[in-house]
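What follows is a short report on a single structure.
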Amino acid sequence: QEPDFFKGQDLDMEVPIFLEESVNGITKTIEFLVPVFDGRQTKQIKKSLKVKIPQGITDGERIRLKGQGAPSQGAANSQKQLNGDLFLHIRLVPHPLFDVQGINLLLTVPVTPWEAALGTKIEVPTLNGKISLNIPAQSQSGKKLRIKGKGLKSKSAQGDLLATIKIDIPPSTTSET
């Protein structure tokens, strides 16, 4: 018995995105090759699509674009021929300042020994601008400070920014002769 329909090959591709694009969502133009059989040989046809990458997408998630894969190579007289699907595999590009842990962002904050001992306010970056962070007196190297709501946003939750204090001893500025 003949199948009800012939479906084309599904295609997979990786799509790198920046953290900032994940936070806000973005429309990206992607280009890919689709294998098309012309009866004698398979040719690669270049396709281009504008794809909406949703806000809050994370590393490893998949987006399915139905019918954007290879065309069916089934019986030519069949009425039910379907293209395969295109699966986009999202890869977050490593960020120069932030590490990602789930939907939380991790940031190392260097402070001098006297700032850690006495406490201070410093400016720290977030994905949507700088904020003022209060470093409490007697802070130790490795102490984590949570800044609520400044991480990544998923479909169901808002992540935090976890700032880890690192005590930096500045180089000596005096020279002895």
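Please note that chains go A, B, ... in the order of the structure tokens, that every chain numbers its residues from 1, and that ligands are numbered from 1 in the order shown.
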Handout entry: Distance query Lys121 of chain A at most 8 Å, only C-alpha atoms, self and fewer than 2 positions along chain excluded, as a VMD selection string
Key = chain A and resid 119 123 132 to 135
Let me see the file: selected residues, N, CA, C and O atoms, as a PDB file, in the first residue's frame.
ATOM      1  N   GLY A 119      33.570  49.051  52.352  1.00  0.00           N
ATOM      2  CA  GLY A 119      32.303  49.095  51.626  1.00  0.00           C
ATOM      3  C   GLY A 119      32.314  50.267  50.655  1.00  0.00           C
ATOM      4  O   GLY A 119      32.976  51.272  50.891  1.00  0.00           O
ATOM      5  N   GLU A 123      29.900  51.050  39.877  1.00  0.00           N
ATOM      6  CA  GLU A 123      29.053  50.844  38.697  1.00  0.00           C
ATOM      7  C   GLU A 123      29.397  49.500  38.084  1.00  0.00           C
ATOM      8  O   GLU A 123      30.566  49.188  37.900  1.00  0.00           O
ATOM      9  N   SER A 132      24.242  50.870  39.741  1.00  0.00           N
ATOM     10  CA  SER A 132      25.080  51.089  40.912  1.00  0.00           C
ATOM     11  C   SER A 132      24.907  49.898  41.853  1.00  0.00           C
ATOM     12  O   SER A 132      23.790  49.524  42.194  1.00  0.00           O
ATOM     13  N   LEU A 133      26.036  49.311  42.272  1.00  0.00           N
ATOM     14  CA  LEU A 133      26.006  48.140  43.146  1.00  0.00           C
ATOM     15  C   LEU A 133      26.664  48.496  44.472  1.00  0.00           C
ATOM     16  O   LEU A 133      27.769  49.037  44.495  1.00  0.00           O
ATOM     17  N   ASN A 134      25.966  48.199  45.566  1.00  0.00           N
ATOM     18  CA  ASN A 134      26.479  48.464  46.894  1.00  0.00           C
ATOM     19  C   ASN A 134      27.333  47.283  47.348  1.00  0.00           C
ATOM     20  O   ASN A 134      26.832  46.169  47.494  1.00  0.00           O
ATOM     21  N   ILE A 135      28.632  47.530  47.583  1.00  0.00           N
ATOM     22  CA  ILE A 135      29.537  46.509  48.125  1.00  0.00           C
ATOM     23  C   ILE A 135      29.549  46.699  49.638  1.00  0.00           C
ATOM     24  O   ILE A 135      30.014  47.721  50.132  1.00  0.00           O
TER      25      ILE A 135
END
Handout entry: Contacts of Ile17 of chain A within 7 Å, only C-alpha atoms, excl. fewer than 2 positions in-chain, as number ranges by chain
Key = A: 15, 19, 21-22, 91-93
Output for the residues just chosen: all heavy atoms as a PDB file, in the first residue's frame:
ATOM      1  N   VAL A  15      22.391  28.236  14.794  1.00  0.00           N
ATOM      2  CA  VAL A  15      22.261  29.685  14.656  1.00  0.00           C
ATOM      3  C   VAL A  15      22.891  30.335  15.889  1.00  0.00           C
ATOM      4  O   VAL A  15      22.372  30.202  16.993  1.00  0.00           O
ATOM      5  CB  VAL A  15      20.781  30.115  14.532  1.00  0.00           C
ATOM      6  CG1 VAL A  15      20.662  31.628  14.449  1.00  0.00           C
ATOM      7  CG2 VAL A  15      20.136  29.456  13.331  1.00  0.00           C
ATOM      8  N   LEU A  19      24.029  37.317  23.607  1.00  0.00           N
ATOM      9  CA  LEU A  19      23.185  37.439  24.798  1.00  0.00           C
ATOM     10  C   LEU A  19      22.193  38.589  24.655  1.00  0.00           C
ATOM     11  O   LEU A  19      21.034  38.468  25.014  1.00  0.00           O
ATOM     12  CB  LEU A  19      24.043  37.668  26.045  1.00  0.00           C
ATOM     13  CG  LEU A  19      24.603  36.434  26.723  1.00  0.00           C
ATOM     14  CD1 LEU A  19      25.499  36.839  27.877  1.00  0.00           C
ATOM     15  CD2 LEU A  19      23.511  35.515  27.195  1.00  0.00           C
ATOM     16  N   GLU A  21      20.831  39.751  22.040  1.00  0.00           N
ATOM     17  CA  GLU A  21      19.753  39.357  21.134  1.00  0.00           C
ATOM     18  C   GLU A  21      18.774  38.433  21.843  1.00  0.00           C
ATOM     19  O   GLU A  21      17.572  38.484  21.607  1.00  0.00           O
ATOM     20  CB  GLU A  21      20.327  38.669  19.892  1.00  0.00           C
ATOM     21  CG  GLU A  21      21.164  39.580  19.035  1.00  0.00           C
ATOM     22  CD  GLU A  21      21.918  38.867  17.934  1.00  0.00           C
ATOM     23  OE1 GLU A  21      22.205  37.657  18.063  1.00  0.00           O
ATOM     24  OE2 GLU A  21      22.234  39.532  16.932  1.00  0.00           O
ATOM     25  N   SER A  22      19.283  37.602  22.743  1.00  0.00           N
ATOM     26  CA  SER A  22      18.428  36.704  23.514  1.00  0.00           C
ATOM     27  C   SER A  22      17.519  37.494  24.449  1.00  0.00           C
ATOM     28  O   SER A  22      16.359  37.149  24.638  1.00  0.00           O
ATOM     29  CB  SER A  22      19.293  35.733  24.320  1.00  0.00           C
ATOM     30  OG  SER A  22      18.556  35.136  25.345  1.00  0.00           O
ATOM     31  N   ARG A  91      22.634  28.614  19.544  1.00  0.00           N
ATOM     32  CA  ARG A  91      23.896  28.591  20.286  1.00  0.00           C
ATOM     33  C   ARG A  91      24.197  30.010  20.748  1.00  0.00           C
ATOM     34  O   ARG A  91      24.287  30.921  19.930  1.00  0.00           O
ATOM     35  CB  ARG A  91      25.053  28.108  19.405  1.00  0.00           C
ATOM     36  CG  ARG A  91      24.921  26.680  18.970  1.00  0.00           C
ATOM     37  CD  ARG A  91      25.211  25.721  20.115  1.00  0.00           C
ATOM     38  NE  ARG A  91      24.868  24.370  19.779  1.00  0.00           N
ATOM     39  CZ  ARG A  91      23.919  23.666  20.385  1.00  0.00           C
ATOM     40  NH1 ARG A  91      23.233  24.167  21.370  1.00  0.00           N
ATOM     41  NH2 ARG A  91      23.663  22.440  20.020  1.00  0.00           N
ATOM     42  N   LEU A  92      24.318  30.189  22.061  1.00  0.00           N
ATOM     43  CA  LEU A  92      24.685  31.502  22.592  1.00  0.00           C
ATOM     44  C   LEU A  92      26.180  31.701  22.408  1.00  0.00           C
ATOM     45  O   LEU A  92      26.984  30.854  22.798  1.00  0.00           O
ATOM     46  CB  LEU A  92      24.328  31.630  24.078  1.00  0.00           C
ATOM     47  CG  LEU A  92      22.858  31.798  24.415  1.00  0.00           C
ATOM     48  CD1 LEU A  92      22.669  31.933  25.922  1.00  0.00           C
ATOM     49  CD2 LEU A  92      22.249  32.999  23.720  1.00  0.00           C
ATOM     50  N   VAL A  93      26.553  32.833  21.824  1.00  0.00           N
ATOM     51  CA  VAL A  93      27.955  33.184  21.637  1.00  0.00           C
ATOM     52  C   VAL A  93      28.524  33.580  23.004  1.00  0.00           C
ATOM     53  O   VAL A  93      27.890  34.349  23.732  1.00  0.00           O
ATOM     54  CB  VAL A  93      28.076  34.362  20.636  1.00  0.00           C
ATOM     55  CG1 VAL A  93      29.512  34.832  20.509  1.00  0.00           C
ATOM     56  CG2 VAL A  93      27.507  33.970  19.283  1.00  0.00           C
TER      57      VAL A  93
END
Exercise for the section: Could you tell me which of A:Met13, A:Leu33, A:Leu97, A:Val23 comes closest to Arg62 of chain A if we count only C-alpha atoms? Expected result: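 Checking each candidate against Arg62 of chain A, we get A:Met13 as the closest.
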Problem - Residue nearest Ile103 of chain A among A:Ser154, A:Thr120, A:Ser48, A:Gln138 (counting only C-alpha atoms) - result: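 Checking each of A:Ser154, A:Thr120, A:Ser48, A:Gln138 against Ile103 of chain A, counting only C-alpha atoms, the winner is A:Ser154.
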Considering only C-alpha atoms, return as a PDB file with C-alpha atoms, in the first residue's frame whatever protein or nucleic-acid residues lie within 9 Å of Phe37 of chain A, sequence-local ones (same chain, fewer than 4 positions apart) excluded.
ATOM      1  CA  GLN A  41      21.108  14.356  -9.480  1.00  0.00           C
ATOM      2  CA  THR A  42      20.808  16.278  -6.216  1.00  0.00           C
ATOM      3  CA  LYS A  43      21.598  19.981  -6.403  1.00  0.00           C
ATOM      4  CA  GLN A  44      22.062  22.411  -3.537  1.00  0.00           C
ATOM      5  CA  PRO A  71      11.107  18.975  -1.050  1.00  0.00           C
ATOM      6  CA  SER A  72       9.621  15.501  -1.256  1.00  0.00           C
ATOM      7  CA  GLN A  73      11.186  13.007  -3.646  1.00  0.00           C
TER       8      GLN A  73
END
Exercise for the section: Would you please extract all alpha helix (DSSP H) residues from segment 1-175 of chain A, as assigned by DSSP on the backbone, and give them as a list in words? Expected result: Leu19, Glu20, Glu21, Ser22, Val23, Asn24, Pro113, Trp114, Glu115, Ala116, Ala117 and Leu118 of chain A
Exercise for the section: In Å, rounded to a single decimal, give me how far atom CA of Arg64 of chain A is from atom CA of Glu14 of chain A. Expected result: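 If I compute the distance from atom CA of Glu14 of chain A to atom CA of Arg64 of chain A, I get 12.1 Å.
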Using only C-alpha atoms, determine which residues lie at most 9 Å from Leu107 of chain A, disregarding the query and same-chain residues fewer than 6 positions distant; provide the list as a JSON list (two decimals) with all heavy atoms, in the first residue's frame.
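Dumped everything to part-v5.json:
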[["chain", "number", "residue", "atom", "x", "y", "z"],
["A", 97, "LEU", "N", 31.95, 39.57, 29.13],
["A", 97, "LEU", "CA", 31.80, 39.93, 30.55],
["A", 97, "LEU", "C", 31.00, 38.91, 31.36],
["A", 97, "LEU", "O", 31.30, 38.68, 32.53],
["A", 97, "LEU", "CB", 31.08, 41.29, 30.68],
["A", 97, "LEU", "CG", 31.80, 42.51, 30.17],
["A", 97, "LEU", "CD1", 30.92, 43.75, 30.30],
["A", 97, "LEU", "CD2", 33.11, 42.72, 30.91],
["A", 98, "PHE", "N", 29.98, 38.34, 30.76],
["A", 98, "PHE", "CA", 29.04, 37.51, 31.51],
["A", 98, "PHE", "C", 29.18, 36.03, 31.17],
["A", 98, "PHE", "O", 29.37, 35.68, 30.01],
["A", 98, "PHE", "CB", 27.59, 37.92, 31.23],
["A", 98, "PHE", "CG", 27.30, 39.36, 31.51],
["A", 98, "PHE", "CD1", 27.13, 40.27, 30.48],
["A", 98, "PHE", "CD2", 27.20, 39.82, 32.81],
["A", 98, "PHE", "CE1", 26.86, 41.60, 30.73],
["A", 98, "PHE", "CE2", 26.92, 41.15, 33.08],
["A", 98, "PHE", "CZ", 26.76, 42.04, 32.04],
["A", 99, "ASP", "N", 29.03, 35.19, 32.19],
["A", 99, "ASP", "CA", 28.84, 33.76, 31.98],
["A", 99, "ASP", "C", 27.36, 33.50, 32.22],
["A", 99, "ASP", "O", 26.69, 34.25, 32.92],
["A", 99, "ASP", "CB", 29.68, 32.94, 32.96],
["A", 99, "ASP", "CG", 31.17, 32.96, 32.60],
["A", 99, "ASP", "OD1", 31.49, 32.95, 31.40],
["A", 99, "ASP", "OD2", 32.00, 33.01, 33.53],
["A", 124, "VAL", "N", 28.37, 48.70, 37.79],
["A", 124, "VAL", "CA", 28.59, 47.41, 37.12],
["A", 124, "VAL", "C", 27.70, 47.34, 35.88],
["A", 124, "VAL", "O", 26.60, 47.90, 35.85],
["A", 124, "VAL", "CB", 28.31, 46.20, 38.05],
["A", 124, "VAL", "CG1", 29.30, 46.14, 39.19],
["A", 124, "VAL", "CG2", 26.90, 46.20, 38.57],
["A", 125, "PRO", "N", 28.19, 46.64, 34.85],
["A", 125, "PRO", "CA", 27.39, 46.52, 33.62],
["A", 125, "PRO", "C", 26.30, 45.47, 33.78],
["A", 125, "PRO", "O", 26.43, 44.52, 34.55],
["A", 125, "PRO", "CB", 28.42, 46.07, 32.58],
["A", 125, "PRO", "CG", 29.45, 45.34, 33.38],
["A", 125, "PRO", "CD", 29.50, 46.03, 34.73],
["A", 161, "LEU", "N", 21.27, 38.63, 38.12],
["A", 161, "LEU", "CA", 22.70, 38.82, 37.88],
["A", 161, "LEU", "C", 23.40, 38.50, 39.19],
["A", 161, "LEU", "O", 23.06, 39.06, 40.24],
["A", 161, "LEU", "CB", 22.98, 40.27, 37.46],
["A", 161, "LEU", "CG", 24.45, 40.66, 37.32],
["A", 161, "LEU", "CD1", 25.16, 39.83, 36.25],
["A", 161, "LEU", "CD2", 24.56, 42.14, 36.98],
["A", 162, "LEU", "N", 24.33, 37.55, 39.16],
["A", 162, "LEU", "CA", 25.09, 37.18, 40.34],
["A", 162, "LEU", "C", 26.49, 37.75, 40.20],
["A", 162, "LEU", "O", 27.27, 37.29, 39.36],
["A", 162, "LEU", "CB", 25.13, 35.65, 40.50],
["A", 162, "LEU", "CG", 23.77, 34.97, 40.57],
["A", 162, "LEU", "CD1", 23.92, 33.46, 40.53],
["A", 162, "LEU", "CD2", 23.03, 35.39, 41.82],
["A", 163, "ALA", "N", 26.79, 38.76, 41.02],
["A", 163, "ALA", "CA", 28.09, 39.42, 40.97],
["A", 163, "ALA", "C", 28.99, 38.80, 42.03],
["A", 163, "ALA", "O", 28.65, 38.80, 43.21],
["A", 163, "ALA", "CB", 27.92, 40.92, 41.20],
["A", 164, "THR", "N", 30.13, 38.27, 41.62],
["A", 164, "THR", "CA", 31.09, 37.68, 42.54],
["A", 164, "THR", "C", 32.22, 38.67, 42.78],
["A", 164, "THR", "O", 32.85, 39.15, 41.83],
["A", 164, "THR", "CB", 31.66, 36.36, 41.96],
["A", 164, "THR", "OG1", 30.58, 35.48, 41.68],
["A", 164, "THR", "CG2", 32.61, 35.70, 42.94],
["A", 165, "ILE", "N", 32.46, 38.97, 44.06],
["A", 165, "ILE", "CA", 33.52, 39.93, 44.40],
["A", 165, "ILE", "C", 34.87, 39.26, 44.27],
["A", 165, "ILE", "O", 35.09, 38.14, 44.74],
["A", 165, "ILE", "CB", 33.31, 40.46, 45.84],
["A", 165, "ILE", "CG1", 32.03, 41.29, 45.89],
["A", 165, "ILE", "CG2", 34.52, 41.26, 46.30],
["A", 165, "ILE", "CD1", 31.65, 41.75, 47.26]]
Problem - Between atom CA of Leu106 of chain A and atom CA of Pro54 of chain A, distance in Å (one decimal) - result: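 Atom-to-atom, atom CA of Leu106 of chain A to atom CA of Pro54 of chain A, that is 22.2 Å.
Minimum distance to Val109 of chain A across A:Gln68, A:Asn24, A:Asn128, A:Ser141 (counting only C-alpha atoms) occurs at A:Ser141.
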Problem - Exercise: Val100 of chain A partners within 9 Å, only C-alpha atoms, chain neighbours under 5 positions left out, as a VMD selection string - result: chain A and resid 94 to 95 105 to 106 151 to 152
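Distances to Lys148 of chain A were evaluated for A:Asp10, A:Asn104, A:Ser172, A:Lys50 using only C-alpha atoms, and the minimum falls at A:Asn104.
Distance annotation: of A:Leu88, A:Pro110, A:Gly56, A:Gly67, the residue with the minimal separation from Glu31 of chain A is A:Leu88; atom set is only C-alpha atoms.
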